[in-house]
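The next block holds one structure in the form of structure tokens; read it before the comments.
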Amino acid sequence: MELEAVPFGVMVKEVLLKLDTETLCSVACVSRALRFSVSQALPLLSSLHLSAFSPDAQTLAHILYRCSGLNCLTLNCLRLDDSSLGRFLGPHLQELNLLSCSLLSYQILASIGETCPNLRVLMLELVEQESPEVFKSNLARMLSGCLYLESLCLKIRGTDVDASAFQSVQFFLPKTLRILKLHPVLEQDGIQLISKLQVDRTFSETADFCITFSPLTAGFSLQCLSLVLDIISDELIILITNSLPLLIELDLEDRPHKEPLLHHDLTNNGLQSLGFCHRLTSLSLIRSRRNHQVSFKRINDMGMFLLSEGCKGLESVRLCGFSRVSDAGFASILHSCQRLKKFEVRNALFLSDLAFHDLTGVPCPLVEVRLLSCSLITSETVKKLACSRSLEVLDLCGCKSIANSCLSSISCLHRLTSVNLSGADVTNYGLSILGQGSPPITHLCIRGCKRVTDEGLSLLLHGGGTISKSLSALDLGHMPGISDKAILTIAKAGIGITELCIRYCFNVTDSSVEALAMKRRFQDESKLLRRLDLFNCIGLSVESMRSLKRPSFPGLHWLGIGHTRLTGKRTAVLTEICRERPWLTLCLDGCEMGCHDGWQFHGPDYR
Amino acid sequence: MSSSKSNKIVKLESSDNKTFEVEEAVAVQSETLKNMVDDGCANDTIPLPNVNGKILEMVLGWCKKHVDETVTGDELNKYEADFLDLDQADLYGLLMAANFLNVKGLLDRVLQRVADMIKGKKPEEIRRIFNIKNDFTPEEEEEIRLENAWAFD
């Protein structure tokens, strides 16, 4: 077949535009004609999403200078500083998402304000570096330049971030704002913010008759609000529901440092007030335990009944830290919200199979279900959930009572793509069922399933089911039963696998790394391994470093080698590896895949 | 307008002189044929000198399936997935035919299939699959590798 003979117009527009950036770069190296075709196709791309890859400055320049037609850019900025990013900002940008900005200073905000006046969507994840005052002044400069912002998401991360950074931000927000997400915010500042964002009173009364807003409206028309606070109180929620009755999405999380006071907490009254937001389709209430052992102690089943009565239109619900709510409360949500698609519950002590008992009688088109650390949940619940044929995501991380029988229940769900059974009581037999089934699973996590051994992996990938071809991300962390044999099976049979985590697998040795290095050569269709986590694989020796050099591990973008012998000293080999592959991100700090959880602690070494 | 239109048969002849007769409703899935029907040129056998019999039969099979109202959404998806499980020569022929006959849904699917064959492949592999010669000089090759190596090296 001669690809180049295909009519030029068809080639450029159609086939090339269906390809991801990596493949386009590969095609450009095939022949002169295709190099030209790619150079014609790249300026036609209007958006670029590189969230899974952390480019260094040089690689970023190589990619971006050819894409002159971009107006929407998503970048993982783990290794980028102000200067390497600055030259790609400009008035052509309408959407800018900068993730994991561990090296960017607050100045970037001012630069964005000066160079991107047409920005509609902005998302920034920054590290806390300087005083909140510096942040505030840069933020004010950004907001004075970007006057048409519709979506603003700003997160500052670090250990114990000073939460006064967003104080007084309400005075600068453009009226065009529809989506606002801020982290962190003090509850008192949040109250000031919401008061300012109040919808024009006359509008809220006629809200039911309004379909579109006149652009001349004096007030804000905020539709989505997301805040990470020090405390969620009734006062805050009642103010939100009174001021923003047209809210579609509400997402509140708090991280109290001490036990909340009686009069300054979220109670059933707060939940009841959510009924005023008639258009609410997405609700997320989280009380995080990262600073103190806390939960929503003043909310019980009555609060849930009031919520489910008032907000029947909910399509997505996430409830974390509701330790006093029982099955009756959770079940009321499932039964009342007929359009519920996404359901997530975390740290619910009393959630058991009983809550899902009558699910088969309810027309719930559930698409995503996440029940995290709910130790009373068993395979019976999964059997009930499997009646929802549209199920795509099933996350049962930390549900210790889940056993093999749940895997039989899900083996005929044709839309299921993501399964998390971390910490479950699953064995090799369970994996054999999964290996023969038809769900096109792309993401599988069986971290900490101690009874699974090499045999299980073989049954999974050689079972003849869909998963052997569809699986692209596999998490086998903390599994003592996994050894070189399993990794060899993955290297040979896991043709779609591009992301593999084997952290804390003590029995994995150098031959595993060698096998993975050659993954490509075993089978033609085998995809390039892009991300590999070897954190704390103490069975590896310094010798395995040789396997990390070119041409082994082609296309590797992220590698975690903390707490292994490979990082004993800053050896010459490690430096050589970084030199010949500058686009490879090496994490020595033990971050999870792609440093998505620990990027805020990385320093300039990662440039 | 007239009821006789719904029973009209369109006759097609492939490059290797095979004739096919299909209902008009099936034939007009192809924009090219639809234009001919609308212009009134479809009364005699329409010759298609750049589409062979095997490929034409496949294309018409696709069109028939998409007109059939008894086929469910899921069945159609499965049909489309199995349809494209072809060897390269047939795939290429299908691409040319779908392009010439302008059968939108089919063309898009074949292009997607070609894209899927290229995805995630290294340059040498793409050359091997599609039999393309490497016409870069060593200097050019080094220059272009520096620019693009991050993707596959």
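The way I read the labels, and the way they are meant: chains A, B, ... in the order of the structure tokens, residue 1 as the first residue of every chain, and ligand 1 as the first ligand shown, with later ones counted on from there.
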Residues of chain B that approach chain A to 8 Å or less, counting only C-alpha atoms: could you list each one with the shortest pair of atoms and its distance in Å to one decimal, rows by chain and increasing residue number, as CSV?
residue,atom,partner,partner_atom,distance
B:Gln88,CA,A:Met1,CA,6.4
B:Ala89,CA,A:Met1,CA,6.1
B:Tyr92,CA,A:Met1,CA,6.6
B:Met96,CA,A:Val6,CA,7.8
B:Leu111,CA,A:Val15,CA,5.6
B:Gln112,CA,A:Val15,CA,6.8
B:Val114,CA,A:Val15,CA,7.1
B:Ala115,CA,A:Val15,CA,5.6
B:Ile118,CA,A:Thr23,CA,7.2
B:Lys119,CA,A:Thr23,CA,5.5
B:Gly120,CA,A:Thr23,CA,5.6
B:Lys121,CA,A:Thr23,CA,6.8
B:Lys122,CA,A:Ser26,CA,5.8
B:Pro123,CA,A:Val30,CA,5.1
B:Glu124,CA,A:Val30,CA,7.1
B:Ile126,CA,A:Val30,CA,7.1
B:Arg127,CA,A:Val30,CA,6.3
B:Phe130,CA,A:Met1,CA,5.4
B:Asn131,CA,A:Glu2,CA,6.4
B:Ile132,CA,A:Glu2,CA,7.0
B:Lys133,CA,A:Ser31,CA,6.9
B:Asn134,CA,A:Ser31,CA,5.3
B:Asp135,CA,A:Ser31,CA,5.7
B:Phe136,CA,A:Ser31,CA,6.5
B:Glu141,CA,A:Cys29,CA,7.4
B:Ile144,CA,A:Cys29,CA,6.4
B:Arg145,CA,A:Cys29,CA,6.9
B:Glu147,CA,A:His62,CA,5.6
B:Asn148,CA,A:Cys25,CA,5.2
B:Ala149,CA,A:Cys25,CA,7.8
B:Trp150,CA,A:Trp583,CA,5.9
B:Ala151,CA,A:Glu22,CA,4.7
B:Phe152,CA,A:Gly555,CA,4.1
B:Asp153,CA,A:Pro554,CA,4.5
File of the preceding selection, C-alpha atoms, as a short mmCIF file (atom, residue, chain, number, x, y, z; two decimals), in the first residue's frame:
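Listed below is the output, selection33.cif:
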data_model
loop_
_atom_site.label_atom_id
_atom_site.label_comp_id
_atom_site.auth_asym_id
_atom_site.auth_seq_id
_atom_site.Cartn_x
_atom_site.Cartn_y
_atom_site.Cartn_z
CA GLN B 88 -3.99 -3.50 3.55
CA ALA B 89 -4.65 -3.92 -0.16
CA TYR B 92 -6.52 0.96 0.34
CA MET B 96 -10.13 5.13 -2.77
CA LEU B 111 -9.49 6.99 7.60
CA GLN B 112 -9.79 6.30 11.31
CA VAL B 114 -5.58 3.99 8.78
CA ALA B 115 -4.90 6.43 11.64
CA ILE B 118 -0.15 4.46 12.43
CA LYS B 119 -0.77 5.41 16.08
CA GLY B 120 2.08 4.79 18.46
CA LYS B 121 4.41 3.49 15.76
CA LYS B 122 8.02 4.44 15.27
CA PRO B 123 9.11 5.87 11.89
CA GLU B 124 10.86 2.65 10.74
CA ILE B 126 5.50 3.10 9.56
CA ARG B 127 7.87 2.82 6.60
CA PHE B 130 3.29 1.26 4.10
CA ASN B 131 6.35 0.47 2.03
CA ILE B 132 7.73 4.00 2.04
CA LYS B 133 11.32 4.77 1.19
CA ASN B 134 13.47 6.80 3.54
CA ASP B 135 14.60 9.68 1.34
CA PHE B 136 16.30 11.82 3.98
CA GLU B 141 17.64 12.67 9.36
CA ILE B 144 14.54 15.87 12.13
CA ARG B 145 15.31 13.30 14.81
CA GLU B 147 13.04 17.77 16.67
CA ASN B 148 10.85 14.72 17.09
CA ALA B 149 12.71 12.09 19.08
CA TRP B 150 10.78 12.83 22.27
CA ALA B 151 7.79 11.05 20.74
CA PHE B 152 9.34 7.63 20.11
CA ASP B 153 12.99 7.43 21.13
#
**OP:** May I have the residues within 7 Å of segment 67-83 of chain A as a VMD selection string, using only C-alpha atoms and disregarding those fewer than 5 positions away in the same chain?
**Re:** chain A and resid 42 to 57 92 to 105 108 599 606 to 607
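Using only C-alpha atoms for every distance, the candidate list A:Phe601, A:Gly86, A:Val185, A:Gly496 yields A:Phe601 as the residue closest to Gln129 of chain A.
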As an mmCIF file with N, CA and C atoms, in the first residue's frame, list the residues of segment 50-250 of chain A assigned to strand (DSSP E or B) by DSSP on the backbone atoms of this structure.
data_model
loop_
_atom_site.group_PDB
_atom_site.id
_atom_site.type_symbol
_atom_site.label_atom_id
_atom_site.label_comp_id
_atom_site.auth_asym_id
_atom_site.auth_seq_id
_atom_site.Cartn_x
_atom_site.Cartn_y
_atom_site.Cartn_z
ATOM 1 N N LEU A 50 -1.279 18.217 26.405
ATOM 2 C CA LEU A 50 -0.136 17.396 26.789
ATOM 3 C C LEU A 50 -0.110 17.284 28.303
ATOM 4 N N CYS A 72 -6.030 26.740 22.122
ATOM 5 C CA CYS A 72 -6.342 26.066 23.373
ATOM 6 C C CYS A 72 -5.152 25.197 23.759
ATOM 7 N N LEU A 73 -4.578 25.439 24.908
ATOM 8 C CA LEU A 73 -3.336 24.776 25.293
ATOM 9 C C LEU A 73 -3.420 24.200 26.703
ATOM 10 N N THR A 74 -3.120 22.914 26.829
ATOM 11 C CA THR A 74 -3.044 22.275 28.142
ATOM 12 C C THR A 74 -1.649 21.695 28.289
ATOM 13 N N LEU A 75 -0.938 22.122 29.322
ATOM 14 C CA LEU A 75 0.440 21.674 29.480
ATOM 15 C C LEU A 75 0.727 21.191 30.890
ATOM 16 N N ASN A 76 1.584 20.188 30.979
ATOM 17 C CA ASN A 76 2.105 19.777 32.269
ATOM 18 C C ASN A 76 3.424 20.509 32.442
ATOM 19 N N GLU A 95 -7.898 29.448 25.638
ATOM 20 C CA GLU A 95 -7.976 28.540 26.774
ATOM 21 C C GLU A 95 -6.567 28.125 27.169
ATOM 22 N N LEU A 96 -6.259 28.245 28.439
ATOM 23 C CA LEU A 96 -4.918 27.915 28.919
ATOM 24 C C LEU A 96 -5.019 27.125 30.219
ATOM 25 N N ASN A 97 -4.495 25.897 30.202
ATOM 26 C CA ASN A 97 -4.506 25.064 31.401
ATOM 27 C C ASN A 97 -3.076 24.673 31.720
ATOM 28 N N LEU A 98 -2.550 25.152 32.841
ATOM 29 C CA LEU A 98 -1.175 24.845 33.213
ATOM 30 C C LEU A 98 -1.176 24.034 34.498
ATOM 31 N N LEU A 99 -0.809 22.763 34.362
ATOM 32 C CA LEU A 99 -0.850 21.843 35.496
ATOM 33 C C LEU A 99 0.528 21.674 36.110
ATOM 34 N N SER A 100 0.554 21.301 37.373
ATOM 35 C CA SER A 100 1.800 20.949 38.061
ATOM 36 C C SER A 100 2.907 21.965 37.854
ATOM 37 N N CYS A 101 2.613 23.232 38.096
ATOM 38 C CA CYS A 101 3.611 24.286 37.827
ATOM 39 C C CYS A 101 4.588 24.402 38.986
ATOM 40 N N VAL A 121 -10.754 30.806 29.276
ATOM 41 C CA VAL A 121 -10.632 29.744 30.268
ATOM 42 C C VAL A 121 -9.201 29.719 30.784
ATOM 43 N N LEU A 122 -9.043 29.777 32.100
ATOM 44 C CA LEU A 122 -7.701 29.722 32.678
ATOM 45 C C LEU A 122 -7.678 28.767 33.853
ATOM 46 N N MET A 123 -6.700 27.874 33.844
ATOM 47 C CA MET A 123 -6.506 26.977 34.971
ATOM 48 C C MET A 123 -5.023 26.944 35.327
ATOM 49 N N LEU A 124 -4.714 27.188 36.594
ATOM 50 C CA LEU A 124 -3.325 27.209 37.040
ATOM 51 C C LEU A 124 -3.174 26.458 38.348
ATOM 52 N N GLU A 125 -2.167 25.583 38.407
ATOM 53 C CA GLU A 125 -1.852 24.914 39.677
ATOM 54 C C GLU A 125 -0.457 25.374 40.064
ATOM 55 N N LEU A 126 -0.372 26.234 41.059
ATOM 56 C CA LEU A 126 0.921 26.814 41.427
ATOM 57 C C LEU A 126 1.400 26.295 42.770
ATOM 58 N N VAL A 127 2.691 26.526 43.025
ATOM 59 C CA VAL A 127 3.253 26.171 44.315
ATOM 60 C C VAL A 127 3.322 27.433 45.167
ATOM 61 N N SER A 151 -14.075 31.105 32.750
ATOM 62 C CA SER A 151 -13.779 30.027 33.681
ATOM 63 C C SER A 151 -12.425 30.280 34.316
ATOM 64 N N LEU A 152 -12.398 30.333 35.633
ATOM 65 C CA LEU A 152 -11.148 30.590 36.351
ATOM 66 C C LEU A 152 -10.942 29.542 37.427
ATOM 67 N N CYS A 153 -9.812 28.837 37.332
ATOM 68 C CA CYS A 153 -9.495 27.813 38.314
ATOM 69 C C CYS A 153 -8.078 28.035 38.802
ATOM 70 N N LEU A 154 -7.933 28.407 40.069
ATOM 71 C CA LEU A 154 -6.610 28.684 40.621
ATOM 72 C C LEU A 154 -6.365 27.862 41.870
ATOM 73 N N LYS A 155 -5.270 27.105 41.849
ATOM 74 C CA LYS A 155 -4.960 26.291 43.015
ATOM 75 C C LYS A 155 -3.537 26.568 43.451
ATOM 76 N N ILE A 156 -3.356 26.792 44.741
ATOM 77 C CA ILE A 156 -2.011 26.967 45.279
ATOM 78 C C ILE A 156 -1.761 25.806 46.217
ATOM 79 N N ARG A 157 -0.669 25.070 45.951
ATOM 80 C CA ARG A 157 -0.406 23.898 46.774
ATOM 81 C C ARG A 157 0.912 24.014 47.526
ATOM 82 N N ILE A 179 -17.605 29.951 35.717
ATOM 83 C CA ILE A 179 -17.031 28.865 36.503
ATOM 84 C C ILE A 179 -15.913 29.429 37.371
ATOM 85 N N LEU A 180 -15.962 29.153 38.661
ATOM 86 C CA LEU A 180 -14.934 29.650 39.583
ATOM 87 C C LEU A 180 -14.484 28.547 40.522
ATOM 88 N N LYS A 181 -13.162 28.281 40.509
ATOM 89 C CA LYS A 181 -12.633 27.242 41.394
ATOM 90 C C LYS A 181 -11.401 27.791 42.088
ATOM 91 N N LEU A 182 -11.434 27.871 43.399
ATOM 92 C CA LEU A 182 -10.320 28.436 44.152
ATOM 93 C C LEU A 182 -9.898 27.520 45.282
ATOM 94 N N HIS A 183 -8.575 27.454 45.478
ATOM 95 C CA HIS A 183 -8.028 26.596 46.521
ATOM 96 C C HIS A 183 -6.709 27.181 46.965
ATOM 97 N N PRO A 184 -6.468 27.572 48.217
ATOM 98 C CA PRO A 184 -7.397 27.457 49.332
ATOM 99 C C PRO A 184 -8.076 28.788 49.673
ATOM 100 N N VAL A 185 -9.180 28.730 50.337
ATOM 101 C CA VAL A 185 -9.914 29.940 50.720
ATOM 102 C C VAL A 185 -10.369 29.799 52.171
ATOM 103 N N CYS A 224 -20.863 27.401 38.125
ATOM 104 C CA CYS A 224 -20.107 26.368 38.831
ATOM 105 C C CYS A 224 -19.206 26.996 39.869
ATOM 106 N N LEU A 225 -19.259 26.480 41.064
ATOM 107 C CA LEU A 225 -18.427 26.995 42.141
ATOM 108 C C LEU A 225 -17.724 25.845 42.840
ATOM 109 N N SER A 226 -16.396 25.993 43.002
ATOM 110 C CA SER A 226 -15.638 24.961 43.690
ATOM 111 C C SER A 226 -14.641 25.633 44.627
ATOM 112 N N LEU A 227 -14.713 25.313 45.910
ATOM 113 C CA LEU A 227 -13.818 25.936 46.891
ATOM 114 C C LEU A 227 -13.230 24.889 47.819
ATOM 115 N N VAL A 228 -11.946 25.068 48.154
ATOM 116 C CA VAL A 228 -11.343 24.234 49.194
ATOM 117 C C VAL A 228 -11.104 25.157 50.387
ATOM 118 N N LEU A 229 -11.772 24.852 51.482
ATOM 119 C CA LEU A 229 -11.828 25.781 52.622
ATOM 120 C C LEU A 229 -11.213 25.191 53.878
ATOM 121 N N GLU A 249 -23.332 23.520 39.419
ATOM 122 C CA GLU A 249 -22.395 22.608 40.075
ATOM 123 C C GLU A 249 -21.853 23.248 41.338
ATOM 124 N N LEU A 250 -21.851 22.502 42.422
ATOM 125 C CA LEU A 250 -21.275 22.994 43.669
ATOM 126 C C LEU A 250 -20.337 21.955 44.245
#
Subject >> Backbone-only DSSP, helix (DSSP H, G or I) members of segment 316-442 of chain A, as a VMD selection string >> reply: chain A and resid 327 to 336 353 to 356 359 to 361 379 to 385 405 to 410 428 to 436
**OP:** List the neighbours of Leu12 of chain B out to 6 Å using only C-alpha atoms; skip same-chain residues closer than 2 positions along the sequence, and give me the result as a ChimeraX atom specification.
**Re:** /B:19-20,45-47
Selection above as a file: C-alpha atoms, as a tab-separated table (two decimals), in the first residue's frame:
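Contents of again12.tsv, as written:
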chain	number	residue	atom	x	y	z
B	19	THR	CA	-22.78	-5.42	-12.64
B	20	PHE	CA	-24.61	-4.67	-9.43
B	45	THR	CA	-25.86	1.44	-16.06
B	46	ILE	CA	-23.36	3.73	-14.36
B	47	PRO	CA	-19.76	2.72	-15.10
Original post:
When distances are computed from only C-alpha atoms, which of A:Gly90, A:Gly303, A:Gly539, A:Gly310 shows the smallest separation from Phe322 of chain A?
Top reply: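 The answer is A:Gly303, which sits nearest to Phe322 of chain A.
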Subject >> Atom pair atom CA of Gly594 of chain A / atom CA of Gln107 of chain A: separation (Å) >> reply: 25.2 Å
Subject >> Between atom CA of Ser332 of chain A and atom CA of His263 of chain A, distance in Å (one decimal) >> reply: 26.9 Å
